[in-house]
Structure formats: C-alpha cells, structure tokens
file structure_2.txt (compact mmCIF, C-alpha atoms)
# COMPACT_ATOMS: atom_id res chain seq x y z
CA MET A 10 2.96 9.43 3.99
CA LEU A 11 4.31 11.62 6.78
CA VAL A 12 6.99 13.12 4.52
CA PHE A 13 4.36 13.77 1.85
CA GLY A 14 1.84 15.31 4.28
CA ASN A 15 4.37 17.57 5.98
CA ALA A 16 5.78 18.76 2.66
CA LEU A 17 2.30 19.30 1.23
CA TYR A 18 1.42 21.61 4.14
CA SER A 19 4.70 23.51 3.89
CA VAL A 20 4.58 23.99 0.13
CA TRP A 21 0.92 24.13 -0.84
CA PHE A 22 -1.56 24.56 2.01
CA ALA A 23 0.31 27.17 4.05
CA PRO A 24 0.65 30.80 2.87
CA SER A 25 4.15 31.94 1.91
CA GLY A 26 4.74 33.63 5.27
CA LEU A 27 4.27 30.30 7.05
CA HIS A 28 6.38 28.11 4.75
CA ARG A 29 9.71 28.42 6.58
CA LEU A 30 8.17 28.09 10.05
CA MET A 31 6.38 24.86 9.14
CA ALA A 32 9.41 23.46 7.33
CA ARG A 33 11.55 24.04 10.43
CA ARG A 34 8.89 22.53 12.66
CA PHE A 35 8.72 19.35 10.56
CA GLN A 36 12.48 19.07 9.99
CA LEU A 37 13.15 16.30 12.53
CA GLN A 38 10.04 14.36 11.50
CA GLN A 39 11.10 14.47 7.86
CA ARG A 40 14.57 13.17 8.67
CA VAL A 41 13.35 10.30 10.82
CA ALA A 42 10.54 9.38 8.42
CA SER A 43 12.91 9.35 5.43
CA ILE A 44 15.29 6.95 7.20
CA VAL A 45 12.40 4.68 8.19
CA SER A 46 11.16 4.73 4.58
CA LEU A 47 14.58 3.74 3.19
CA THR A 48 15.01 0.97 5.77
CA ALA A 49 11.53 -0.41 5.03
CA ALA A 50 12.20 -0.37 1.27
CA ILE A 51 15.42 -2.37 1.70
CA LEU A 52 13.79 -4.86 4.06
CA MET A 53 10.85 -5.36 1.71
CA PHE A 54 13.26 -6.11 -1.14
CA MET A 55 15.04 -8.69 1.00
CA LEU A 56 11.75 -10.30 2.08
CA GLN A 57 10.74 -10.64 -1.56
CA GLY A 58 13.94 -12.59 -2.05
CA GLY A 59 12.85 -14.99 0.67
CA LEU A 60 9.46 -15.44 -1.01
CA MET A 61 11.07 -16.17 -4.39
CA GLY A 62 13.68 -18.46 -2.86
CA ASN A 63 13.46 -21.11 -0.17
CA GLY A 64 12.47 -19.13 2.89
CA TRP A 65 14.29 -16.99 5.42
CA GLY A 66 17.73 -18.23 4.42
CA ASP A 67 17.38 -16.58 1.02
CA VAL A 68 16.38 -13.25 2.55
CA PHE A 69 20.11 -12.63 3.00
CA ASN A 70 21.29 -14.30 -0.22
CA PRO A 71 22.85 -11.79 -2.71
CA GLN A 72 22.30 -14.21 -5.60
CA ILE A 73 18.57 -14.24 -4.87
CA TRP A 74 18.61 -10.42 -4.68
CA TYR A 75 20.07 -10.38 -8.18
CA SER A 76 17.29 -12.71 -9.35
CA VAL A 77 14.67 -10.44 -7.77
CA LEU A 78 16.05 -7.53 -9.78
CA GLY A 79 15.15 -9.47 -12.93
CA THR A 80 11.45 -9.44 -12.05
CA GLN A 81 8.96 -6.60 -12.54
CA PHE A 82 8.92 -6.11 -8.76
CA GLY A 83 12.71 -5.84 -8.64
CA GLY A 84 12.88 -3.31 -11.45
CA VAL A 85 10.29 -1.06 -9.81
CA TRP A 86 11.60 -1.55 -6.28
CA LEU A 87 15.13 -0.62 -7.25
CA TRP A 88 13.84 2.85 -8.13
CA GLN A 89 11.87 2.88 -4.88
CA ILE A 90 15.10 2.36 -2.95
CA ILE A 91 16.92 4.98 -5.04
CA LEU A 92 14.22 7.60 -4.44
CA ALA A 93 14.12 6.73 -0.73
CA ALA A 94 17.91 7.21 -0.52
CA ILE A 95 17.69 10.57 -2.31
CA THR A 96 14.91 11.60 0.08
CA VAL A 97 17.17 10.87 3.05
CA VAL A 98 19.91 13.03 1.54
CA VAL A 99 17.53 15.93 0.86
CA ALA A 100 15.87 15.66 4.29
CA TRP A 101 19.27 15.93 6.01
CA LEU A 102 21.13 18.34 3.74
CA ALA A 103 18.30 20.57 2.46
CA PRO A 104 15.39 20.11 4.91
CA LEU A 105 13.80 23.45 4.04
CA LYS A 106 13.39 22.48 0.36
CA GLY A 107 9.82 21.29 0.83
CA SER A 108 9.05 21.12 -2.89
CA ARG A 109 11.86 18.60 -3.44
CA LEU A 110 10.67 16.42 -0.58
CA LEU A 111 7.11 16.63 -1.88
CA LEU A 112 8.09 15.44 -5.36
CA LEU A 113 10.31 12.66 -4.00
CA ALA A 114 7.58 11.40 -1.64
CA MET A 115 5.04 11.58 -4.45
CA GLY A 116 7.36 9.54 -6.66
CA GLN A 117 7.70 6.84 -4.02
CA LEU A 118 3.93 6.62 -3.57
CA ILE A 119 3.33 6.34 -7.32
CA LEU A 120 5.99 3.63 -7.62
CA LEU A 121 4.11 1.54 -5.05
CA ALA A 122 1.35 1.23 -7.64
CA GLY A 123 3.75 -0.72 -9.85
CA VAL A 124 4.09 -3.69 -7.50
CA GLY A 125 1.91 -6.01 -5.46
CA HIS A 126 -1.82 -6.29 -6.14
CA ALA A 127 -1.83 -3.31 -8.49
CA ALA A 128 0.61 -5.07 -10.85
CA MET A 129 -1.30 -8.34 -11.06
CA SER A 130 -2.82 -7.55 -14.49
CA ASP A 131 -1.37 -6.57 -17.85
CA GLY A 132 -2.74 -4.51 -20.72
CA PRO A 133 -5.35 -1.74 -20.39
CA MET A 134 -6.90 -3.28 -17.28
CA GLY A 135 -3.50 -3.42 -15.61
CA ALA A 136 -2.87 0.23 -16.46
CA ILE A 137 -6.25 1.20 -15.01
CA GLN A 138 -5.54 -0.79 -11.84
CA ARG A 139 -2.13 0.83 -11.35
CA LEU A 140 -3.51 4.31 -12.00
CA ASN A 141 -6.36 3.70 -9.56
CA HIS A 142 -3.95 2.46 -6.89
CA ALA A 143 -1.64 5.45 -7.39
CA VAL A 144 -4.58 7.83 -6.88
CA HIS A 145 -5.60 5.80 -3.81
CA LEU A 146 -2.17 6.17 -2.24
CA LEU A 147 -1.91 9.90 -3.00
CA CYS A 148 -5.36 10.56 -1.54
CA ALA A 149 -4.53 8.52 1.57
CA ALA A 150 -1.23 10.37 2.02
CA THR A 151 -2.98 13.73 1.66
CA TRP A 152 -5.55 12.78 4.30
CA VAL A 153 -3.56 10.77 6.85
CA GLY A 154 -0.26 12.58 6.26
CA GLY A 155 -1.96 15.92 6.86
CA LEU A 156 -3.31 15.14 10.33
CA LEU A 157 -0.14 15.88 12.34
CA PRO A 158 0.42 19.22 10.57
CA LEU A 159 -3.25 20.00 11.29
CA LEU A 160 -2.59 19.62 15.02
CA PHE A 161 0.39 21.97 14.72
CA CYS A 162 -1.80 24.56 12.99
CA MET A 163 -4.33 24.30 15.82
CA ARG A 164 -1.61 25.39 18.24
CA LEU A 165 -0.47 28.18 15.92
CA ALA A 166 -4.04 29.51 15.78
CA LYS A 167 -3.72 30.64 19.40
CA GLY A 168 -0.84 33.06 18.74
CA ARG A 169 0.30 35.69 16.28
CA TRP A 170 0.09 33.23 13.40
CA GLN A 171 -3.67 32.84 13.90
CA ASN A 172 -4.83 34.14 10.51
CA ALA A 173 -2.22 32.16 8.55
CA ALA A 174 -2.95 29.00 10.54
CA ILE A 175 -6.71 29.27 10.02
CA TYR A 176 -6.18 29.88 6.30
CA THR A 177 -3.99 26.76 6.11
CA MET A 178 -6.53 24.60 7.95
CA MET A 179 -9.36 25.83 5.70
CA ARG A 180 -7.39 24.83 2.60
CA PHE A 181 -6.68 21.41 4.10
CA SER A 182 -10.36 21.00 4.96
CA ARG A 183 -11.44 21.71 1.39
CA VAL A 184 -8.87 19.38 -0.15
CA GLY A 185 -9.50 16.82 2.60
CA HIS A 186 -13.06 16.28 1.38
CA TYR A 187 -11.77 15.19 -2.02
CA ALA A 188 -8.98 13.13 -0.45
CA VAL A 189 -11.38 11.15 1.76
CA ALA A 190 -13.79 10.61 -1.13
CA GLY A 191 -10.86 9.52 -3.30
CA VAL A 192 -9.66 7.00 -0.71
CA LEU A 193 -13.10 5.43 -0.42
CA LEU A 194 -13.86 5.32 -4.14
CA THR A 195 -10.46 4.02 -5.26
CA GLY A 196 -10.42 1.58 -2.35
CA VAL A 197 -13.66 -0.02 -3.53
CA VAL A 198 -12.35 -0.20 -7.10
CA ASN A 199 -9.10 -1.75 -5.83
CA ALA A 200 -10.97 -4.44 -3.91
CA LEU A 201 -13.14 -5.32 -6.91
CA LEU A 202 -10.16 -5.49 -9.27
CA ILE A 203 -8.17 -7.69 -6.87
CA LEU A 204 -10.86 -9.99 -5.51
CA GLY A 205 -13.55 -9.84 -8.18
CA ILE A 206 -17.25 -10.27 -7.49
CA HIS A 207 -16.85 -13.66 -5.80
CA ILE A 208 -14.96 -12.62 -2.68
CA PRO A 209 -13.12 -15.38 -0.75
CA TRP A 210 -14.28 -14.27 2.70
CA GLN A 211 -12.29 -17.01 4.42
CA ALA A 212 -8.95 -15.80 3.01
CA GLY A 213 -6.62 -14.14 5.51
CA TYR A 214 -6.08 -11.18 3.18
CA VAL A 215 -9.82 -10.49 3.09
CA GLN A 216 -10.04 -10.64 6.89
CA PHE A 217 -7.29 -8.01 7.18
CA LEU A 218 -9.03 -5.94 4.50
CA LEU A 219 -12.31 -5.98 6.46
CA PHE A 220 -10.49 -4.88 9.61
CA LYS A 221 -8.84 -2.04 7.69
CA CYS A 222 -12.23 -1.00 6.31
CA ALA A 223 -13.63 -0.81 9.84
CA LEU A 224 -10.74 1.41 10.95
CA VAL A 225 -11.16 3.68 7.92
CA ALA A 226 -14.89 3.93 8.62
CA LEU A 227 -14.09 5.18 12.14
CA MET A 228 -11.64 7.71 10.70
CA VAL A 229 -14.28 8.99 8.30
CA ALA A 230 -16.79 9.31 11.15
CA ILE A 231 -14.29 11.34 13.19
CA ALA A 232 -13.42 13.56 10.22
CA LEU A 233 -17.10 14.30 9.60
CA ALA A 234 -17.75 15.01 13.28
CA ASN A 235 -14.78 17.38 13.41
CA ARG A 236 -15.74 19.28 10.29
CA TYR A 237 -19.50 19.53 10.64
CA PHE A 238 -20.08 19.34 14.40
CA LEU A 239 -17.06 20.77 16.22
CA VAL A 240 -15.70 23.40 13.80
CA PRO A 241 -18.99 25.38 13.70
CA ARG A 242 -18.85 25.50 17.52
CA PHE A 243 -15.40 27.11 17.74
CA ARG A 244 -15.59 30.25 19.93
CA PRO A 245 -12.82 32.76 20.72
CA ASP A 246 -13.93 32.95 24.35
CA SER A 247 -14.19 29.20 24.88
CA GLY A 248 -11.72 26.50 23.92
CA ARG A 249 -13.88 23.49 24.73
CA ALA A 250 -14.77 22.69 21.11
CA GLN A 251 -11.16 23.31 20.07
CA GLN A 252 -9.85 20.91 22.70
CA MET A 253 -12.35 18.27 21.64
CA PHE A 254 -11.29 18.80 18.02
CA ILE A 255 -7.65 18.21 18.97
CA ARG A 256 -8.50 15.03 20.90
CA MET A 257 -10.60 13.69 18.04
CA THR A 258 -7.86 14.46 15.53
CA GLN A 259 -5.32 12.70 17.73
CA ALA A 260 -7.62 9.67 17.77
CA GLU A 261 -7.78 9.90 13.98
CA VAL A 262 -3.97 9.88 13.85
CA VAL A 263 -3.90 6.74 16.00
CA LEU A 264 -6.45 5.03 13.76
CA GLY A 265 -4.44 6.01 10.69
CA ALA A 266 -1.35 4.48 12.27
CA LEU A 267 -3.34 1.30 12.97
CA VAL A 268 -4.42 1.14 9.32
CA LEU A 269 -0.78 1.38 8.21
CA ALA A 270 0.28 -1.14 10.88
CA THR A 271 -2.43 -3.55 9.71
CA THR A 272 -1.16 -3.25 6.15
CA LEU A 273 2.41 -3.91 7.28
CA LEU A 274 1.34 -6.81 9.49
CA SER A 275 -0.58 -8.43 6.64
CA LEU A 276 2.51 -8.16 4.43
CA LEU A 277 4.71 -9.67 7.14
CA LEU A 278 2.27 -12.52 7.79
CA LEU A 279 2.08 -13.25 4.08
CA ALA A 280 5.87 -13.24 3.94
CA CYS A 281 6.07 -15.57 6.92
CA ALA A 282 3.43 -17.83 5.43
CA GLY A 283 5.25 -17.86 2.12
CA SER A 284 8.48 -18.67 3.91
CA ALA A 285 6.84 -21.43 5.92
CA LEU A 286 5.33 -22.86 2.75
CA ALA A 287 8.64 -22.69 0.92
CA ALA A 288 9.44 -26.24 1.94
CA PRO A 289 9.94 -29.11 -0.57
CA GLN A 290 6.18 -29.33 -1.23
CA VAL A 291 5.89 -25.69 -2.40
CA ILE A 292 7.88 -23.69 -4.94
CA THR A 293 7.63 -20.15 -6.32
CA VAL A 294 7.84 -19.61 -10.07
CA SER A 295 7.96 -16.29 -11.92
CA ARG A 296 7.26 -15.09 -15.45
CA PHE A 297 10.93 -14.18 -15.70
CA GLU A 298 11.88 -17.78 -14.94
CA VAL A 299 9.26 -19.57 -17.07
CA GLY A 300 9.24 -17.17 -20.01
CA LYS A 301 6.61 -14.73 -21.18
CA ASP A 302 5.54 -16.99 -24.07
CA LYS A 303 4.58 -19.80 -21.65
CA TRP A 304 3.37 -17.72 -18.68
CA ALA A 305 -0.33 -18.40 -18.02
CA PHE A 306 -1.19 -16.02 -15.19
CA ASN A 307 -2.04 -12.35 -14.76
CA ARG A 308 0.55 -11.77 -12.08
CA GLU A 309 4.33 -11.87 -12.04
CA GLU A 310 4.74 -14.82 -9.65
CA VAL A 311 2.74 -17.77 -8.33
CA MET A 312 3.45 -20.52 -5.85
CA LEU A 313 2.82 -24.18 -6.79
CA THR A 314 2.01 -26.92 -4.30
CA CYS A 315 0.83 -30.49 -4.05
CA ARG A 316 -1.69 -31.12 -1.27
CA PRO A 317 -2.57 -34.54 0.21
CA GLY A 318 -4.46 -36.70 -2.27
CA HIS A 319 -2.39 -35.45 -5.21
CA ALA A 320 -4.27 -32.15 -5.38
CA LEU A 321 -2.32 -29.56 -7.34
CA TYR A 322 -2.75 -25.84 -6.66
CA ALA A 323 -1.39 -22.50 -7.77
CA ILE A 324 -1.25 -19.94 -4.97
CA ASN A 325 -1.31 -16.15 -5.15
CA PRO A 326 1.70 -15.11 -2.99
CA SER A 327 0.07 -11.77 -2.18
CA THR A 328 -3.25 -13.08 -0.85
CA LEU A 329 -2.51 -16.84 -0.43
CA VAL A 330 -5.72 -17.62 -2.32
CA GLN A 331 -5.49 -21.09 -3.90
CA TYR A 332 -6.43 -22.01 -7.48
CA PRO A 333 -6.91 -25.73 -8.32
CA LEU A 334 -4.87 -27.08 -11.25
CA ASN A 335 -6.31 -30.61 -11.53
CA ASP A 336 -9.59 -32.47 -11.01
CA THR A 337 -8.64 -33.66 -7.51
CA ALA A 338 -8.02 -30.10 -6.34
CA GLU A 339 -11.28 -28.91 -7.94
CA GLN A 340 -13.20 -31.66 -6.11
CA GLN A 341 -11.60 -30.66 -2.79
CA VAL A 342 -12.67 -27.03 -3.30
CA ALA A 343 -16.18 -28.02 -4.42
CA SER A 344 -16.67 -30.27 -1.37
CA GLY A 345 -15.37 -27.63 1.05
CA LYS A 346 -12.32 -29.66 2.06
CA SER A 347 -10.11 -26.86 0.77
CA SER A 348 -10.64 -23.20 -0.03
CA GLY A 349 -9.96 -21.71 -3.43
CA GLN A 350 -11.17 -19.97 -6.55
CA PRO A 351 -11.32 -21.15 -10.17
CA VAL A 352 -7.92 -20.89 -11.85
CA SER A 353 -9.61 -18.99 -14.69
CA VAL A 354 -9.65 -15.97 -12.37
CA ILE A 355 -5.89 -15.54 -12.84
CA GLN A 356 -5.42 -17.44 -16.14
CA ILE A 357 -4.81 -15.20 -19.16
CA ASP A 358 -5.91 -15.59 -22.78
CA ASP A 359 -3.60 -17.17 -25.33
CA PRO A 360 -2.71 -14.42 -27.84
CA ALA A 361 -1.79 -17.08 -30.44
CA ASN A 362 -5.18 -18.82 -30.13
CA PRO A 363 -8.05 -16.35 -29.74
CA GLY A 364 -10.81 -17.64 -27.50
CA ARG A 365 -8.52 -20.04 -25.63
CA LYS A 366 -6.58 -19.72 -22.37
CA MET A 367 -2.85 -20.19 -21.95
CA SER A 368 -1.86 -23.80 -21.26
CA LEU A 369 -1.46 -24.84 -17.64
CA ALA A 370 0.54 -27.94 -18.60
CA PRO A 371 3.99 -26.54 -17.64
CA PHE A 372 2.71 -25.58 -14.20
CA ILE A 373 0.84 -28.83 -13.64
CA GLU A 374 4.01 -30.71 -14.52
CA ARG A 375 6.07 -28.60 -12.07
CA ALA A 376 3.49 -29.01 -9.31
CA ASP A 377 3.19 -32.77 -9.95
CA LYS A 378 6.89 -33.21 -9.19
CA LEU A 379 6.24 -31.92 -5.66
CA CYS A 380 3.92 -34.82 -4.77
call {"tool": "encode", "arguments": {"input": "structure_2.txt", "output": "structure tokens"}}
result
Amino acid sequence: MLVFGNALYSVWFAPSGLHRLMARRFQLQQRVASIVSLTAAILMFMLQGGLMGNGWGDVFNPQIWYSVLGTQFGGVWLWQIILAAITVVVAWLAPLKGSRLLLLAMGQLILLAGVGHAAMSDGPMGAIQRLNHAVHLLCAATWVGGLLPLLFCMRLAKGRWQNAAIYTMMRFSRVGHYAVAGVLLTGVVNALLILGIHIPWQAGYVQFLLFKCALVALMVAIALANRYFLVPRFRPDSGRAQQMFIRMTQAEVVLGALVLATTLLSLLLLACAGSALAAPQVITVSRFEVGKDKWAFNREEVMLTCRPGHALYAINPSTLVQYPLNDTAEQQVASGKSSGQPVSVIQIDDPANPGRKMSLAPFIERADKLC
C-alpha cells in the first residue's frame, strides 16, 4: 500500500513540476517497502504449505511447496512473488520511474483478490466477489497509502512549493472521498459474501473483523474532521489548525497501520491454529487433491476433523468456522455444545444432477478415519 500510495502521488496527484521531488523524497521508503512486500509474499507462501501439510515442519518442505503450486492459491501467489521481485528491482535500479512502480503495486493488489476469502466461490458470484475485493484493496491503498505523502505535502506548503503542494493535496482530497466511500461499500459487500446473513459472531475471524471495523470508523471520523473542520480554518498568519491537521493525520496513519497489523495478526493466528490442528485428528484436503468432479465445496481447501462423540466436521481454514458433516455434529451445534454453520453454506450444486448438492460421502469417509 505504501508503494502504491507514494507512486500515486508522484505520478498522478502531483503536478509535473513536483514529480521528481516527490519521487526522490519517497525513494528510500519505496525500496524498504518493496523488500518487505517480497519477504511477506514468500513467507505467506511457506505458511500456506504448513496449512496444507502437517504443521510447522512442512513450512520448510520443498515438496509441500511444489504441491502448493498445484492449487489455485499457488498459481496466483507465484505471480505475486514474481511481481514483488520485479518491484524490488525497479525500486532499487529505477526509483524515479513512478509509473512502473504504480503499475507493479496495482498488479500485486489485484492479485490479492484471487486468493483467500475472495476466491472462495466459483462462477459469476466468484467473479463478482474477486472484483469487489480488488476494488476494496485499491481504494484502501489510495486512502491509507496516501496519508504519508499528504504529511510531506503539508511541509512543502510552507515553502516555495506552496502552490504545487496545495494543488496536490486538493486532488488527493477529492479522490479521497471516493476512496473512503469505496472502502466502506466494498467492505460491507465483502463481509456479506464471506459470512452471509447469519453471521457467526463467536468465530475468531468475526471478532477480528469487528475490531478492524472499529479502527476504520475512527479513521473515517478523523478524515471527516480534517476535511470539514480543520481545513476551512487554515490561516496564513496562524498555524494552529495546520498543526492540528498534521497531528490528526499522523493518528490516522497509526490507525491505518493497526488495521493492517490486525489483518496480519489474524492471518498468523489462523495459520498457527491450522498448524496446531494439523495433528492426527485433523487433515487438510484440496480440490486439486480430491478432483474437481468430486469436490463439494465453494472454496479450494477445507480441513476435516473428528470431534469427541464421533462428530465429523469440515472447517474453513480461512475463518475456522465449522460445518457439521453428520447427525452427531449437527446435534452438537444445535445444542450449543459446538459452534458451526450448516454445511450447505459452502456446499455447491451438482452440475450433473440439477437441484441436488454435491455428495459429501468422500469427505465423510475421510473424516471418519480420523476418529
């Protein structure tokens, strides 16, 4: 997001006379951010190997990495790593080529819409979900990624670059309105597509989502206060409103970092949970492994487990929401002894038998062997 925001300012928001100055100012940030992005992409690929395999030991297993490449996630993430590597090269060898960095960062953000929650559905609904998530990420990167360059423009507005800096901030302000609205609208659509109407409030993923929503609400409140309360009070002879604007924007940057940290933490906790569950009583199966003609779910991978009492469940590795596969598991969920949602939520239709769902028998048989 930082690479995208910095490049967006340098290439689009700023007038031509300010392009080179801003590109030089952001040069170190772009280099560091590109290396962090590449490192994170590689680590995420390795963690996915641990989730598909038998825990942390398979995080470093090249054979598991090769298996991951055979999944939809692996195919998309390989390009994510390639683009991240190219971004590092461009950031170090041609740091003033802001347009190249902008396109590379945009490509990485769009690719993120091809994995995780956004890739849980197929067909037209899956395409809509991925498109919505891509717009969500681009809007978020425009808003959050533009905050640090905004602070730089505030400092420029005090010197000989005043007119150019003010022009740049006005353009960001106009686009920022659409970016914030886009984040909120696509975020709501994302939540509904992932969780449905019956939201499992007790799920850890939902708890993290609520915390993120609270942070975003604070960011929106600060953005509105800055734009409609402080900006009209800017005076050439008094810098009080300007200083308050800077402090509020800095707070917005911190909140944005917390939102990203919360997202990363939720992913790490899910990975740890998946690794902890990857004991003999839990396995991970993928569409690539089972075969598309027998796959019964609307996501690429599920975890299978046998709980005490011979209760069989499928588990969403992304949210850890459970879906009962037999009568015992359904009774546990109905009585409140276990949490879960109906398996029909993730079960797909059988194209060979209109009006019927894909058979769960292969998955029940696999889960039964874990008891």
call {"tool": "residues_around", "arguments": {"input": "structure_2.txt", "residues": "stretch 243-260 of chain A", "least_positions_apart": "3", "cutoff": "9 Å", "atoms": "all atoms listed in the file", "output": "list in words"}}
result
Leu156, Leu157, Leu159, Leu160, Met163, Met228, Ile231, Ala232, Ala234, Asn235, Arg236, Leu239, Val240, Val263, Leu264 and Gly265 of chain A
call {"tool": "write_last_selection", "arguments": {"input": "structure_2.txt", "atoms": "C-alpha atoms", "output": "compact mmCIF listing (two decimals), in the coordinates of the input"}}
result
# COMPACT_ATOMS: atom_id res chain seq x y z
CA LEU A 156 -3.31 15.14 10.33
CA LEU A 157 -0.14 15.88 12.34
CA LEU A 159 -3.25 20.00 11.29
CA LEU A 160 -2.59 19.62 15.02
CA MET A 163 -4.33 24.30 15.82
CA MET A 228 -11.64 7.71 10.70
CA ILE A 231 -14.29 11.34 13.19
CA ALA A 232 -13.42 13.56 10.22
CA ALA A 234 -17.75 15.01 13.28
CA ASN A 235 -14.78 17.38 13.41
CA ARG A 236 -15.74 19.28 10.29
CA LEU A 239 -17.06 20.77 16.22
CA VAL A 240 -15.70 23.40 13.80
CA VAL A 263 -3.90 6.74 16.00
CA LEU A 264 -6.45 5.03 13.76
CA GLY A 265 -4.44 6.01 10.69
call {"tool": "closest_residue", "arguments": {"input": "structure_2.txt", "among": "A:Ala50, A:Val99, A:Thr293, A:Leu118", "to": "A:Met10", "atoms": "all atoms listed in the file"}}
result
A:Leu118
call {"tool": "residues_around", "arguments": {"input": "structure_2.txt", "residues": "stretch 357-370 of chain A", "least_positions_apart": "2", "cutoff": "10 Å", "atoms": "all atoms listed in the file", "output": "PyMOL selection string"}}
result
chain A and resi 130-131+302-308+334-335+352-355+372-376
call {"tool": "axis_aligned_box", "arguments": {"input": "structure_2.txt", "around": "stretch 312-324 of chain A", "padding_each_side": "4 Å", "output": "AutoDock Vina command-line options"}}
result
--center_x -0.5 --center_y -28.3 --center_z -3.8 --size_x 15.9 --size_y 24.8 --size_z 16.0
call {"tool": "closest_atom_pairs", "arguments": {"input": "structure_2.txt", "of": "stretch 176-228 of chain A", "to": "stretch 268-275 of chain A", "cutoff": "7 Å", "atoms": "only C-alpha atoms", "output": "Markdown table"}}
result
| residue | atom | partner | partner_atom | distance |
| --- | --- | --- | --- | --- |
| A:Phe217 | CA | A:Ser275 | CA | 6.7 |
| A:Lys221 | CA | A:Val268 | CA | 5.7 |
| A:Leu224 | CA | A:Val268 | CA | 6.5 |
call {"tool": "residues_around", "arguments": {"input": "structure_2.txt", "residues": "A:Ala114", "least_positions_apart": "5", "cutoff": "10 Å", "atoms": "only C-alpha atoms", "output": "list in words"}}
result
Met10, Leu11, Val12, Phe13, Gly14, Ala16, Leu17, Ser43, Ser46, Leu92, Ala93, Thr96, Ser108, Arg109, Ile119, Leu120, Leu147 and Ala150 of chain A
call {"tool": "closest_residue", "arguments": {"input": "structure_2.txt", "among": "A:Tyr322, A:Gln356, A:Leu111, A:Val68", "to": "A:Gln341", "atoms": "all atoms listed in the file"}}
result
A:Tyr322
call {"tool": "atom_distance", "arguments": {"input": "structure_2.txt", "atom1": "atom CA of A:Val197", "atom2": "atom CA of A:His142"}}
result
10.6 Å
call {"tool": "atom_distance", "arguments": {"input": "structure_2.txt", "atom1": "atom CA of A:Pro351", "atom2": "atom CA of A:Gly196"}}
result
24.1 Å
call {"tool": "atom_distance", "arguments": {"input": "structure_2.txt", "atom1": "atom CA of A:Ile51", "atom2": "atom CA of A:Leu146"}}
result
19.9 Å
call {"tool": "closest_residue", "arguments": {"input": "structure_2.txt", "among": "A:Val198, A:Ile175, A:Met55, A:Val85", "to": "A:Pro71", "atoms": "all atoms listed in the file"}}
result
A:Met55
call {"tool": "closest_residue", "arguments": {"input": "structure_2.txt", "among": "A:Pro158, A:Gly107, A:Gly116, A:Gly125", "to": "A:Gln57", "atoms": "all atoms listed in the file"}}
result
A:Gly125
call {"tool": "closest_residue", "arguments": {"input": "structure_2.txt", "among": "A:Gly318, A:Gln340, A:Leu202, A:Thr177", "to": "A:Ala136", "atoms": "all atoms listed in the file"}}
result
A:Leu202
call {"tool": "residues_around", "arguments": {"input": "structure_2.txt", "residues": "A:Ala127", "least_positions_apart": "3", "cutoff": "8 Å", "atoms": "only C-alpha atoms", "output": "PyMOL selection string"}}
result
chain A and resi 122-124+130+135+138-139+142+199+203
call {"tool": "closest_residue", "arguments": {"input": "structure_2.txt", "among": "A:Ala343, A:Leu112, A:Val294, A:Leu321", "to": "A:Leu379", "atoms": "only C-alpha atoms"}}
result
A:Leu321
